[in-house]
>>> print(open('data03.cif').read())   # mmCIF, C-alpha atoms and all ligand atoms
data_run
#
loop_
_atom_site.label_atom_id
_atom_site.label_comp_id
_atom_site.auth_asym_id
_atom_site.auth_seq_id
_atom_site.Cartn_x
_atom_site.Cartn_y
_atom_site.Cartn_z
CA MET K 258 107.10 99.60 147.47
CA LYS K 259 104.59 97.43 145.65
CA TYR K 260 105.45 95.98 142.22
CA SER K 261 101.92 96.62 140.95
CA TYR K 262 99.31 99.16 142.04
CA VAL K 263 96.51 97.08 140.55
CA SER K 264 93.33 97.42 142.56
CA HIS K 265 90.46 95.49 140.91
CA LEU K 266 88.54 94.74 137.72
CA TYR K 267 85.46 96.75 136.82
CA CYS K 268 82.78 96.69 134.17
CA PRO K 269 82.60 99.80 131.98
CA LYS K 270 78.91 99.02 131.23
CA CYS K 271 77.31 98.16 134.58
CA SER K 272 80.08 99.14 137.05
CA GLU K 273 80.22 95.70 138.71
CA THR K 274 83.65 95.00 140.26
CA TYR K 275 85.74 91.82 140.47
CA SER K 276 88.97 90.74 142.13
CA THR K 277 92.22 90.37 140.17
CA ASP K 278 93.18 87.37 142.34
CA ALA K 279 90.82 84.99 140.55
CA GLU K 280 90.19 84.16 136.88
CA HIS K 281 87.65 86.46 135.28
CA HIS K 282 86.65 86.85 131.67
CA LEU K 283 83.54 88.86 130.76
CA CYS K 284 81.27 90.65 133.20
CA ARG K 285 78.00 88.95 134.13
CA CYS K 286 76.35 91.50 131.81
CA GLY K 287 78.50 90.35 128.86
CA SER K 288 80.83 93.36 128.71
CA PRO K 289 84.63 93.16 128.70
CA LEU K 290 86.26 94.05 132.02
CA LEU K 291 88.86 96.76 132.59
CA VAL K 292 91.66 96.96 135.15
CA GLN K 293 91.67 99.68 137.79
CA TYR K 294 94.80 100.86 139.62
CA ASP K 295 95.23 102.73 142.86
CA LEU K 296 96.47 105.85 141.13
CA ASP K 297 96.10 108.15 144.13
CA SER K 298 98.52 106.05 146.09
CA LEU K 299 100.91 105.54 143.16
CA LYS K 300 100.99 109.28 142.60
CA HIS K 301 102.65 109.67 146.01
CA HIS K 302 105.07 106.80 145.61
CA LEU K 303 106.47 107.19 142.11
CA LYS K 304 107.76 110.18 140.19
CA LYS K 305 107.97 109.86 136.44
CA GLU K 306 111.66 110.85 136.57
CA GLN K 307 112.39 107.59 138.42
CA LEU K 308 111.57 105.65 135.27
CA GLN K 309 114.68 106.95 133.52
CA ALA K 310 116.94 104.46 135.30
CA ARG K 311 114.86 101.45 134.28
CA ASN K 312 115.28 98.95 131.43
CA PRO K 313 113.92 100.05 128.05
CA ASP K 314 111.04 97.55 127.91
CA LEU K 315 107.39 97.74 128.84
CA TRP K 316 108.00 96.38 132.35
CA ARG K 317 109.47 99.78 133.24
CA TYR K 318 105.81 100.67 133.89
CA HIS K 319 105.22 97.69 136.19
CA GLU K 320 103.31 99.74 138.76
CA LEU K 321 100.72 100.35 136.03
CA LEU K 322 100.55 96.68 135.00
CA PRO K 323 98.47 93.92 136.64
CA VAL K 324 101.22 91.40 137.50
CA GLN K 325 101.63 91.56 141.28
CA ASP K 326 104.69 89.41 141.78
CA GLU K 327 107.69 90.01 139.54
CA GLN K 328 108.59 86.30 139.51
CA TYR K 329 105.65 85.71 137.11
CA LYS K 330 106.92 88.20 134.56
CA VAL K 331 107.28 86.51 131.15
CA THR K 332 109.37 88.58 128.78
CA LEU K 333 111.14 88.40 125.44
CA GLY K 334 112.34 92.00 125.71
CA GLU K 335 109.18 93.65 124.33
CA GLY K 336 108.48 97.37 124.45
CA MET K 337 110.18 100.76 124.05
CA SER K 338 109.93 100.54 120.30
CA PRO K 339 111.37 103.47 118.36
CA LEU K 340 109.38 106.65 117.76
CA LEU K 341 110.86 107.63 114.43
CA PRO K 342 110.59 110.99 112.69
CA MET K 343 109.35 110.49 109.10
CA PRO K 344 110.58 113.68 107.41
CA GLU K 345 110.43 112.54 103.79
CA LEU K 346 107.04 110.88 103.99
CA GLY K 347 105.88 113.82 106.11
CA GLU K 348 106.95 116.23 103.39
CA ASP K 349 105.23 114.10 100.77
CA MET K 350 101.92 114.37 102.64
CA ASN K 351 102.55 117.85 104.01
CA ILE K 352 102.69 116.78 107.66
CA PRO K 353 106.13 118.05 108.72
CA LYS K 354 105.81 116.63 112.23
CA LEU K 355 104.97 113.07 111.18
CA HIS K 356 106.25 110.28 113.44
CA MET K 357 105.99 106.52 113.37
CA LYS K 358 105.81 104.38 116.47
CA ASP K 359 107.41 101.27 114.98
CA GLU K 360 106.09 98.03 116.42
CA GLY K 361 107.75 96.08 113.62
CA THR K 362 110.81 95.75 115.85
CA ILE K 363 108.99 93.90 118.65
CA PRO K 364 109.45 90.13 119.38
CA THR K 365 107.15 87.95 117.20
CA GLY K 366 107.02 90.74 114.60
CA SER K 367 103.92 92.58 115.78
CA PHE K 368 102.69 94.66 118.71
CA LYS K 369 100.55 91.69 119.75
CA ALA K 370 103.61 90.73 121.79
CA ARG K 371 102.76 93.50 124.27
CA GLY K 372 99.33 92.08 125.04
CA ALA K 373 100.73 88.56 125.12
CA ALA K 374 103.60 89.42 127.48
CA VAL K 375 101.29 90.96 130.06
CA GLY K 376 98.37 88.56 129.49
CA VAL K 377 100.52 85.43 129.69
CA SER K 378 102.36 86.74 132.76
CA LYS K 379 99.07 87.35 134.54
CA ALA K 380 97.81 83.91 133.44
CA LYS K 381 100.94 82.40 134.95
CA GLU K 382 100.35 84.30 138.19
CA LEU K 383 96.78 82.94 138.23
CA GLY K 384 98.08 79.38 137.77
CA VAL K 385 96.69 78.77 134.27
CA GLY K 386 97.75 75.49 132.60
CA GLU K 387 96.45 75.91 129.07
CA LEU K 388 95.07 78.88 127.16
CA ALA K 389 92.95 79.00 124.01
CA MET K 390 92.20 81.67 121.43
CA PRO K 391 90.84 82.43 117.97
CA THR K 392 93.14 84.71 115.97
CA ASN K 393 93.74 86.38 112.63
CA GLY K 394 97.36 85.28 112.96
CA ASN K 395 99.57 87.72 114.83
CA ALA K 396 97.88 87.34 118.21
CA GLY K 397 98.04 83.55 118.01
CA ALA K 398 101.71 83.75 117.10
CA ALA K 399 102.50 86.05 120.00
CA TRP K 400 100.40 84.26 122.61
CA SER K 401 101.63 80.79 121.70
CA LEU K 402 105.27 81.88 121.78
CA TYR K 403 104.89 83.70 125.09
CA ALA K 404 102.94 80.72 126.45
CA ALA K 405 105.87 78.49 125.49
CA ARG K 406 108.19 80.88 127.34
CA ALA K 407 105.92 80.52 130.39
CA SER K 408 105.57 76.70 130.05
CA ILE K 409 101.83 77.13 129.50
CA GLY K 410 100.07 75.11 126.78
CA SER K 411 98.11 76.80 124.01
CA THR K 412 95.33 75.95 121.58
CA ILE K 413 95.05 78.32 118.62
CA VAL K 414 92.38 78.44 115.88
CA MET K 415 92.90 80.70 112.86
CA PRO K 416 91.27 81.25 109.45
CA ILE K 417 92.85 79.29 106.65
CA ASP K 418 93.60 82.61 104.91
CA ALA K 419 95.63 84.06 107.79
CA PRO K 420 99.26 84.93 106.91
CA LYS K 421 101.17 81.64 106.64
CA ILE K 422 104.11 82.81 108.70
CA THR K 423 101.85 83.19 111.73
CA ARG K 424 100.87 79.51 111.40
CA ASN K 425 104.52 78.60 111.53
CA GLU K 426 105.09 80.76 114.58
CA CYS K 427 102.28 78.93 116.40
CA ALA K 428 103.35 75.49 115.21
CA VAL K 429 107.00 75.96 116.09
CA SER K 430 106.00 77.00 119.62
CA GLY K 431 104.34 73.63 120.08
CA ALA K 432 100.80 75.00 120.16
CA ASN K 433 97.78 72.87 119.25
CA LEU K 434 97.07 74.69 116.03
CA TYR K 435 93.87 74.40 113.96
CA LEU K 436 92.87 76.17 110.75
CA VAL K 437 89.24 76.96 110.08
CA ASN K 438 87.59 77.29 106.73
CA GLY K 439 86.00 80.63 107.68
CA LEU K 440 86.56 83.95 109.44
CA ILE K 441 87.90 84.84 112.89
CA SER K 442 84.28 84.96 114.08
CA ASP K 443 83.96 81.27 113.11
CA ALA K 444 87.22 80.48 114.88
CA GLY K 445 85.77 82.26 117.92
CA LYS K 446 82.74 79.98 118.05
CA ILE K 447 84.94 76.87 117.87
CA VAL K 448 87.15 78.15 120.69
CA ALA K 449 84.09 79.01 122.80
CA ARG K 450 82.89 75.39 122.51
CA ALA K 451 86.35 74.04 123.39
CA VAL K 452 86.68 76.34 126.40
CA GLU K 453 83.35 75.10 127.70
CA ARG K 454 84.15 71.44 127.16
CA ASP K 455 87.85 71.26 128.07
CA ASN K 456 88.06 73.99 130.68
CA LEU K 457 90.72 76.01 128.85
CA TYR K 458 91.62 79.61 129.80
CA ASP K 459 89.88 81.77 127.21
CA VAL K 460 92.15 84.57 125.95
CA SER K 461 89.96 85.67 123.03
CA THR K 462 90.22 89.40 122.37
CA LEU K 463 88.77 91.26 125.38
CA LYS K 464 87.43 88.08 126.99
CA GLU K 465 90.60 88.38 129.03
CA PRO K 466 91.09 91.73 130.80
CA TYR K 467 94.89 91.98 130.79
CA ARG K 468 95.76 92.16 127.11
CA ILE K 469 94.63 95.80 127.04
CA GLU K 470 97.11 96.53 129.83
CA GLY K 471 100.01 95.29 127.71
CA LYS K 472 98.85 97.27 124.70
CA LYS K 473 98.29 100.44 126.67
CA THR K 474 102.06 100.70 127.15
CA MET K 475 102.23 102.03 123.56
CA GLY K 476 100.42 105.12 124.84
CA ILE K 477 102.68 105.50 127.87
CA GLU K 478 105.77 105.15 125.70
CA ILE K 479 104.59 107.74 123.18
CA ALA K 480 104.12 110.22 126.04
CA GLU K 481 107.47 109.39 127.62
CA GLN K 482 109.31 109.51 124.29
CA LEU K 483 107.88 112.96 123.63
CA GLY K 484 109.09 114.21 127.02
CA TRP K 485 105.70 113.64 128.72
CA GLU K 486 103.80 115.56 126.12
CA VAL K 487 101.12 114.11 123.91
CA PRO K 488 100.95 114.53 120.13
CA ASP K 489 97.98 116.24 118.45
CA VAL K 490 96.82 113.14 116.59
CA ILE K 491 97.41 109.39 116.94
CA LEU K 492 96.33 107.11 114.08
CA TYR K 493 95.75 103.46 114.83
CA PRO K 494 94.85 100.57 112.48
CA THR K 495 91.78 99.20 114.23
CA GLY K 496 90.51 95.64 114.26
CA GLY K 497 89.36 94.59 117.72
CA GLY K 498 90.43 98.06 118.81
CA VAL K 499 92.37 96.82 121.84
CA GLY K 500 95.35 99.06 121.13
CA LEU K 501 93.20 102.15 120.73
CA ILE K 502 91.24 101.42 123.90
CA GLY K 503 94.56 100.81 125.64
CA ILE K 504 96.20 104.02 124.45
CA HIS K 505 93.16 106.01 125.56
CA LYS K 506 93.16 104.28 128.96
CA ALA K 507 96.90 104.88 129.36
CA LEU K 508 96.61 108.58 128.66
CA LYS K 509 93.76 108.92 131.16
CA GLU K 510 95.88 107.18 133.78
CA LEU K 511 98.85 109.45 133.04
CA GLN K 512 96.56 112.45 133.44
CA ALA K 513 95.31 111.13 136.78
CA LEU K 514 98.93 110.71 137.89
CA GLY K 515 99.70 114.27 136.82
CA TRP K 516 102.43 113.03 134.47
CA ILE K 517 100.88 114.72 131.42
CA ASP K 518 98.72 117.83 131.03
CA GLU K 519 95.20 116.94 132.16
CA ASN K 520 93.65 119.23 129.58
CA ARG K 521 95.35 117.89 126.49
CA MET K 522 94.37 114.67 124.74
CA PRO K 523 95.47 113.65 121.26
CA ARG K 524 92.62 113.19 118.77
CA LEU K 525 92.48 109.43 118.29
CA VAL K 526 91.81 108.05 114.82
CA ALA K 527 90.53 104.52 114.17
CA VAL K 528 91.72 103.44 110.72
CA GLN K 529 90.02 100.56 108.92
CA SER K 530 89.98 99.09 105.43
CA GLU K 531 87.04 99.73 103.10
CA GLY K 532 86.70 95.94 103.05
CA CYS K 533 85.95 95.84 106.79
CA ALA K 534 84.85 99.13 108.33
CA PRO K 535 82.22 98.58 111.04
CA ILE K 536 83.69 101.18 113.40
CA VAL K 537 83.77 103.77 110.62
CA GLU K 538 80.13 103.11 109.80
CA ALA K 539 79.11 103.46 113.44
CA TRP K 540 81.16 106.62 113.93
CA ARG K 541 79.63 108.26 110.84
CA LYS K 542 76.16 107.68 112.27
CA GLY K 543 77.18 108.78 115.75
CA ASP K 544 76.27 105.32 117.09
CA ARG K 545 77.66 103.86 120.31
CA GLU K 546 78.02 100.33 118.94
CA ALA K 547 79.09 98.93 115.58
CA PRO K 548 77.21 96.57 113.23
CA PHE K 549 78.45 93.15 112.12
CA TRP K 550 80.31 93.67 108.80
CA GLU K 551 79.22 91.02 106.30
CA ASN K 552 81.77 89.36 103.97
CA SER K 553 84.68 91.33 105.31
CA SER K 554 87.96 91.11 103.46
CA THR K 555 91.29 92.98 103.36
CA VAL K 556 94.99 92.22 102.83
CA ALA K 557 95.52 93.99 106.15
CA PHE K 558 94.58 90.83 107.97
CA GLY K 559 95.07 92.21 111.49
CA ILE K 560 92.18 94.62 110.96
CA ASN K 561 89.80 92.10 109.40
CA VAL K 562 87.47 92.00 112.38
CA PRO K 563 83.79 92.10 111.39
CA LYS K 564 82.49 92.61 114.93
CA ALA K 565 84.55 93.76 117.91
CA LEU K 566 83.47 93.00 121.47
CA GLY K 567 84.93 96.33 122.58
CA ASP K 568 83.38 98.41 119.78
CA PHE K 569 81.63 100.67 122.30
CA LEU K 570 84.93 101.40 124.07
CA VAL K 571 86.62 102.27 120.76
CA LEU K 572 83.77 104.61 119.84
CA ASP K 573 83.84 106.18 123.33
CA ALA K 574 87.56 106.90 122.88
CA LEU K 575 86.91 108.56 119.51
CA TYR K 576 84.05 110.73 120.83
CA ASP K 577 85.94 111.58 124.02
CA THR K 578 88.99 112.89 122.16
CA ASP K 579 87.25 114.58 119.19
CA GLY K 580 88.83 111.91 117.04
CA CYS K 581 87.39 110.20 113.99
CA ALA K 582 87.19 106.92 112.10
CA ILE K 583 88.20 106.52 108.48
CA ALA K 584 88.39 103.70 105.94
CA VAL K 585 91.05 103.45 103.22
CA SER K 586 90.98 101.45 100.01
CA GLU K 587 93.12 98.39 99.44
CA ASP K 588 94.90 100.12 96.55
CA ALA K 589 95.67 103.18 98.64
CA LEU K 590 97.17 101.19 101.50
CA LEU K 591 99.32 99.07 99.19
CA GLU K 592 100.53 102.21 97.44
CA GLU K 593 101.34 103.83 100.78
CA GLN K 594 103.34 100.76 101.83
CA LYS K 595 105.62 101.31 98.81
CA THR K 596 105.85 105.06 99.39
CA ALA K 597 106.90 104.59 103.03
CA ALA K 598 109.56 102.04 102.08
CA SER K 599 110.99 104.03 99.20
CA LEU K 600 111.03 107.41 100.95
CA GLU K 601 112.00 106.31 104.45
CA GLY K 602 113.39 102.79 104.25
CA THR K 603 110.57 101.57 106.47
CA PHE K 604 108.87 98.36 105.35
CA VAL K 605 105.64 98.71 107.29
CA CYS K 606 102.88 96.10 107.55
CA PRO K 607 99.71 96.67 105.49
CA GLU K 608 97.81 97.70 108.64
CA GLY K 609 100.42 100.38 109.36
CA ALA K 610 100.32 101.43 105.72
CA ALA K 611 96.56 101.90 106.04
CA ALA K 612 97.17 104.29 108.94
CA PHE K 613 99.69 106.32 106.92
CA SER K 614 97.27 106.44 104.03
CA ALA K 615 94.57 107.71 106.39
CA ALA K 616 96.92 110.45 107.63
CA ARG K 617 97.42 111.55 104.02
CA THR K 618 93.67 111.68 103.38
CA LEU K 619 92.92 113.52 106.61
CA ARG K 620 95.62 116.08 105.81
CA ASN K 621 94.11 116.62 102.36
CA LYS K 622 90.72 117.17 103.93
CA GLY K 623 92.18 119.65 106.43
CA TRP K 624 91.22 117.50 109.43
CA ILE K 625 94.94 117.21 110.19
CA GLN K 626 96.72 120.57 110.07
CA GLU K 627 100.20 121.29 108.86
CA SER K 628 101.35 122.24 112.36
CA ASP K 629 99.97 119.06 113.99
CA ARG K 630 102.33 116.60 115.57
CA VAL K 631 101.08 113.26 114.28
CA VAL K 632 101.98 109.75 115.45
CA VAL K 633 101.12 106.76 113.25
CA LEU K 634 101.24 103.29 114.75
CA ASN K 635 102.94 100.76 112.55
CA THR K 636 101.65 97.67 114.30
CA GLY K 637 103.93 95.07 112.72
CA ALA K 638 106.75 94.18 110.39
CA GLY K 639 106.19 94.31 106.63
CA ILE K 640 108.27 91.15 106.26
CA LYS K 641 105.47 89.13 107.85
CA TYR K 642 103.35 89.74 104.72
CA PRO K 643 105.53 88.88 101.72
CA ASP K 644 102.51 88.60 99.41
CA THR K 645 101.53 92.27 99.66
CA VAL K 646 104.44 93.25 97.44
CA GLN K 647 104.22 92.02 93.85
CA ILE K 648 107.54 92.37 92.07
CA ASP K 649 108.90 91.88 88.61
CA VAL K 650 112.70 91.84 88.65
CA PRO K 651 115.09 91.09 85.82
CA THR K 652 116.84 87.71 86.04
CA LEU K 653 120.33 87.55 84.57
CA GLN K 654 122.21 84.63 83.05
CA PRO K 655 125.74 84.42 84.53
CA HIS K 656 127.33 85.85 81.37
CA GLU K 657 124.97 88.81 81.15
CA ASN K 658 125.72 92.26 82.51
CA LEU K 659 123.58 94.48 84.69
CA TYR K 660 121.06 96.45 82.69
CA ASP K 661 121.19 93.96 79.80
CA THR K 662 117.70 92.68 80.41
CA LYS K 663 116.34 96.16 81.07
CA GLU K 664 117.81 97.46 77.82
CA ASN K 665 116.36 94.51 75.98
CA GLU K 666 113.01 95.40 77.45
CA HIS K 667 113.42 98.98 76.26
CA ALA K 668 114.44 97.75 72.82
CA THR K 669 111.32 95.66 72.46
CA ASN K 670 109.03 98.35 73.83
C1 LIG K 701 95.80 92.77 115.57
C2 LIG K 701 96.43 93.75 114.67
C3 LIG K 701 95.87 95.04 114.51
C4 LIG K 701 94.60 95.46 115.17
O1 LIG K 701 94.75 95.51 116.54
P1 LIG K 701 93.56 95.77 117.54
O2 LIG K 701 94.22 96.37 118.71
O3 LIG K 701 92.93 94.46 117.83
O4 LIG K 701 92.60 96.70 116.89
C5 LIG K 701 96.56 95.93 113.72
N1 LIG K 701 97.71 95.58 113.09
C6 LIG K 701 98.26 94.36 113.22
C7 LIG K 701 99.52 94.07 112.50
C8 LIG K 701 97.63 93.41 114.01
O5 LIG K 701 98.19 92.20 114.14
ZN ZN K 702 78.79 94.53 133.54
#
>>> encode(input="data03.cif", output="structure tokens")
Amino acid sequence: MKYSYVSHLYCPKCSETYSTDAEHHLCRCGSPLLVQYDLDSLKHHLKKEQLQARNPDLWRYHELLPVQDEQYKVTLGEGMSPLLPMPELGEDMNIPKLHMKDEGTIPTGSFKARGAAVGVSKAKELGVGELAMPTNGNAGAAWSLYAARASIGSTIVMPIDAPKITRNECAVSGANLYLVNGLISDAGKIVARAVERDNLYDVSTLKEPYRIEGKKTMGIEIAEQLGWEVPDVILYPTGGGVGLIGIHKALKELQALGWIDENRMPRLVAVQSEGCAPIVEAWRKGDREAPFWENSSTVAFGINVPKALGDFLVLDALYDTDGCAIAVSEDALLEEQKTAASLEGTFVCPEGAAAFSAARTLRNKGWIQESDRVVVLNTGAGIKYPDTVQIDVPTLQPHENLYDTKENEHATN
């Protein structure tokens, strides 16, 4: 039996096809490329029950991944993150069947590890020597660490405002790291010039077709963890939208395989920050592409993407599933981060907090119903963003007792 049932690359805009045996980035028409599998054949060779005996990582779905020879697999143990019930937070927002898919437990501290594991493995199979990418932080961290694992070099360019820990992750991996006094779009232009001049392998978001394949495993896992059923709603903090495109693609593939009900799709929700909400603006107007968002800014750095190359694929996924797009305020997402931690003990990243906050709003509006089974993606670990929590704790002198300072405060108030 084959390790991968990958068939070819195709363009979702003009339908042109390409081979997966050579390096490809964008289609001639400028669109990102997607990976096609031979699902008819796979359907006859693999039963979903056979997966049960496999390791709990994303490579358990290797037939649905693009790496053809297992020897090129580059792994740090990513995948099969917990799908946690959130009963207290669910009660607080009146969504009894609230679940969190927790990507905070994944190597490198964010779900970007999934895209990096599969993308770097495929790069290794293609014989790549050095990759390059612009990043808002987490992707650069993941790709440079996985590249190190694969003995591939990496050049990473990130905005000077990106979370500092992600710089350290890149630097410690030995990457050629550069900061740019600007946004990820500026970093993108610098990388594009370097790729041209130095012949580097461009792994910018969606300029490389295999990252989606890694991220789609979130969708497969959700289905498998729910006993091959899909939830009613999935909320996803959306920047470039790769995860949302991937989850949608995964569920379509599972339908084609007959592993899940072909008539049931979860409503997919793209969550953004009010400080950067191009997909929300496009969805409200019913547009098929999103505008460039000027002067974007949000503490949820992973979703600070003013223009996504795959915007049309994100919007397609929303329209196709009767989903929606919604923006939350900075205050609301920071408040939700505290609520999730204090009620459930889950220190989610600000992007994940935005998605919880969106669930709360959509429940209040009646778009989510009380009976709905709802899965929120927490895309990373809260501990990667120490600055989102502002604290004021009492400091004791060694001779003081607990509560002394607090009582003093009360006395003076
Ligand atoms: C990159 C990132 C996102 C957005 O992911 P896309 O799939 O590109 O939309 C969300 N959360 C975190 C923590 C991220 O690092
Ligand atoms: Zn095309």
>>> closest_atom_pairs(input="data03.cif", of="segment 279-370 of chain K", to="segment 510-526 of chain K", cutoff="10 Å", atoms="all atoms listed in the file", output="CSV")
residue,atom,partner,partner_atom,distance
K:Gln293,CA,K:Glu510,CA,9.5
K:Tyr294,CA,K:Glu510,CA,8.7
K:Leu296,CA,K:Leu514,CA,6.3
K:Asp297,CA,K:Leu514,CA,7.3
K:Ser298,CA,K:Leu514,CA,9.4
K:Leu299,CA,K:Leu514,CA,7.6
K:Lys300,CA,K:Leu514,CA,5.3
K:His301,CA,K:Leu514,CA,9.0
K:Leu303,CA,K:Leu514,CA,9.3
K:Lys304,CA,K:Trp516,CA,8.3
K:Lys305,CA,K:Trp516,CA,6.7
K:Glu306,CA,K:Trp516,CA,9.7
K:Leu321,CA,K:Glu510,CA,8.7
>>> residues_around(input="data03.cif", residues="Val452 of chain K", least_positions_apart="4", cutoff="10 Å", atoms="only C-alpha atoms", output="list in words")
Leu388, Ala389, Met390, Thr412, Lys446, Ile447, Val448, Asn456, Leu457, Tyr458, Asp459 and Val460 of chain K
>>> residues_near_ligand(input="data03.cif", ligand="ligand ZN 702 (chain K)", cutoff="10 Å", atoms="all atoms listed in the file", output="ChimeraX atom specification")
/K:267-274,283-290
>>> closest_atom_pairs(input="data03.cif", of="chain K", to="ligand LIG 701 (chain K)", cutoff="8 Å", atoms="all atoms listed in the file", output="Markdown table")
| residue | atom | partner | partner_atom | distance |
| --- | --- | --- | --- | --- |
| K:Ser367 | CA | K:LIG701 | C7 | 5.7 |
| K:Phe368 | CA | K:LIG701 | O5 | 6.9 |
| K:Lys369 | CA | K:LIG701 | O5 | 6.1 |
| K:Asn393 | CA | K:LIG701 | C1 | 7.3 |
| K:Gly394 | CA | K:LIG701 | O5 | 7.1 |
| K:Asn395 | CA | K:LIG701 | O5 | 4.7 |
| K:Ala396 | CA | K:LIG701 | O5 | 6.3 |
| K:Thr462 | CA | K:LIG701 | O3 | 7.3 |
| K:Lys472 | CA | K:LIG701 | O2 | 7.6 |
| K:Tyr493 | CA | K:LIG701 | C5 | 7.7 |
| K:Pro494 | CA | K:LIG701 | C5 | 5.1 |
| K:Thr495 | CA | K:LIG701 | O4 | 3.7 |
| K:Gly496 | CA | K:LIG701 | O4 | 3.5 |
| K:Gly497 | CA | K:LIG701 | O3 | 3.6 |
| K:Gly498 | CA | K:LIG701 | O4 | 3.2 |
| K:Val499 | CA | K:LIG701 | O2 | 3.7 |
| K:Gly500 | CA | K:LIG701 | O2 | 3.8 |
| K:Leu501 | CA | K:LIG701 | O2 | 6.2 |
| K:Ile502 | CA | K:LIG701 | O2 | 7.8 |
| K:Ala557 | CA | K:LIG701 | N1 | 7.4 |
| K:Phe558 | CA | K:LIG701 | C8 | 7.2 |
| K:Gly559 | CA | K:LIG701 | C2 | 3.8 |
| K:Ile560 | CA | K:LIG701 | C4 | 4.9 |
| K:Cys606 | CA | K:LIG701 | C7 | 6.3 |
| K:Pro607 | CA | K:LIG701 | C7 | 7.5 |
| K:Glu608 | CA | K:LIG701 | N1 | 4.9 |
| K:Gly609 | CA | K:LIG701 | N1 | 6.7 |
| K:Asn635 | CA | K:LIG701 | N1 | 7.4 |
| K:Thr636 | CA | K:LIG701 | C7 | 4.6 |
| K:Gly637 | CA | K:LIG701 | C7 | 4.5 |
| K:Ala638 | CA | K:LIG701 | C7 | 7.5 |
>>> write_last_selection(input="data03.cif", atoms="C-alpha atoms", output="compact mmCIF listing (two decimals), in the coordinates of the input")
# COMPACT_ATOMS: atom_id res chain seq x y z
CA SER K 367 103.92 92.58 115.78
CA PHE K 368 102.69 94.66 118.71
CA LYS K 369 100.55 91.69 119.75
CA ASN K 393 93.74 86.38 112.63
CA GLY K 394 97.36 85.28 112.96
CA ASN K 395 99.57 87.72 114.83
CA ALA K 396 97.88 87.34 118.21
CA THR K 462 90.22 89.40 122.37
CA LYS K 472 98.85 97.27 124.70
CA TYR K 493 95.75 103.46 114.83
CA PRO K 494 94.85 100.57 112.48
CA THR K 495 91.78 99.20 114.23
CA GLY K 496 90.51 95.64 114.26
CA GLY K 497 89.36 94.59 117.72
CA GLY K 498 90.43 98.06 118.81
CA VAL K 499 92.37 96.82 121.84
CA GLY K 500 95.35 99.06 121.13
CA LEU K 501 93.20 102.15 120.73
CA ILE K 502 91.24 101.42 123.90
CA ALA K 557 95.52 93.99 106.15
CA PHE K 558 94.58 90.83 107.97
CA GLY K 559 95.07 92.21 111.49
CA ILE K 560 92.18 94.62 110.96
CA CYS K 606 102.88 96.10 107.55
CA PRO K 607 99.71 96.67 105.49
CA GLU K 608 97.81 97.70 108.64
CA GLY K 609 100.42 100.38 109.36
CA ASN K 635 102.94 100.76 112.55
CA THR K 636 101.65 97.67 114.30
CA GLY K 637 103.93 95.07 112.72
CA ALA K 638 106.75 94.18 110.39
>>> closest_residue(input="data03.cif", among="K:Ile441, K:Val263, K:Ala616, K:Ile625", to="Ala589 of chain K", atoms="all atoms listed in the file")
K:Ala616
>>> build_atoms(input="data03.cif", residues="segment 415-425 of chain K", atoms="N, CA and C atoms", output="mmCIF file, in the frame of the given file")
data_model
loop_
_atom_site.group_PDB
_atom_site.id
_atom_site.type_symbol
_atom_site.label_atom_id
_atom_site.label_comp_id
_atom_site.auth_asym_id
_atom_site.auth_seq_id
_atom_site.Cartn_x
_atom_site.Cartn_y
_atom_site.Cartn_z
ATOM 1 N N MET K 415 92.821 79.537 113.752
ATOM 2 C CA MET K 415 92.900 80.700 112.860
ATOM 3 C C MET K 415 92.291 80.412 111.488
ATOM 4 N N PRO K 416 91.799 81.442 110.807
ATOM 5 C CA PRO K 416 91.270 81.250 109.450
ATOM 6 C C PRO K 416 92.350 80.712 108.535
ATOM 7 N N ILE K 417 91.922 79.912 107.577
ATOM 8 C CA ILE K 417 92.850 79.290 106.650
ATOM 9 C C ILE K 417 93.588 80.352 105.819
ATOM 10 N N ASP K 418 92.987 81.525 105.695
ATOM 11 C CA ASP K 418 93.600 82.610 104.910
ATOM 12 C C ASP K 418 94.576 83.468 105.710
ATOM 13 N N ALA K 419 94.725 83.221 106.982
ATOM 14 C CA ALA K 419 95.630 84.060 107.790
ATOM 15 C C ALA K 419 97.056 83.924 107.265
ATOM 16 N N PRO K 420 97.893 84.967 107.449
ATOM 17 C CA PRO K 420 99.260 84.930 106.910
ATOM 18 C C PRO K 420 99.989 83.648 107.340
ATOM 19 N N LYS K 421 100.586 82.971 106.369
ATOM 20 C CA LYS K 421 101.170 81.640 106.640
ATOM 21 C C LYS K 421 102.267 81.674 107.691
ATOM 22 N N ILE K 422 103.017 82.756 107.733
ATOM 23 C CA ILE K 422 104.110 82.810 108.700
ATOM 24 C C ILE K 422 103.588 82.711 110.130
ATOM 25 N N THR K 423 102.381 83.223 110.351
ATOM 26 C CA THR K 423 101.850 83.190 111.730
ATOM 27 C C THR K 423 101.485 81.751 112.128
ATOM 28 N N ARG K 424 101.075 80.945 111.124
ATOM 29 C CA ARG K 424 100.870 79.510 111.400
ATOM 30 C C ARG K 424 102.158 78.881 111.889
ATOM 31 N N ASN K 425 103.227 79.195 111.181
ATOM 32 C CA ASN K 425 104.520 78.600 111.530
ATOM 33 C C ASN K 425 104.960 79.020 112.917
#
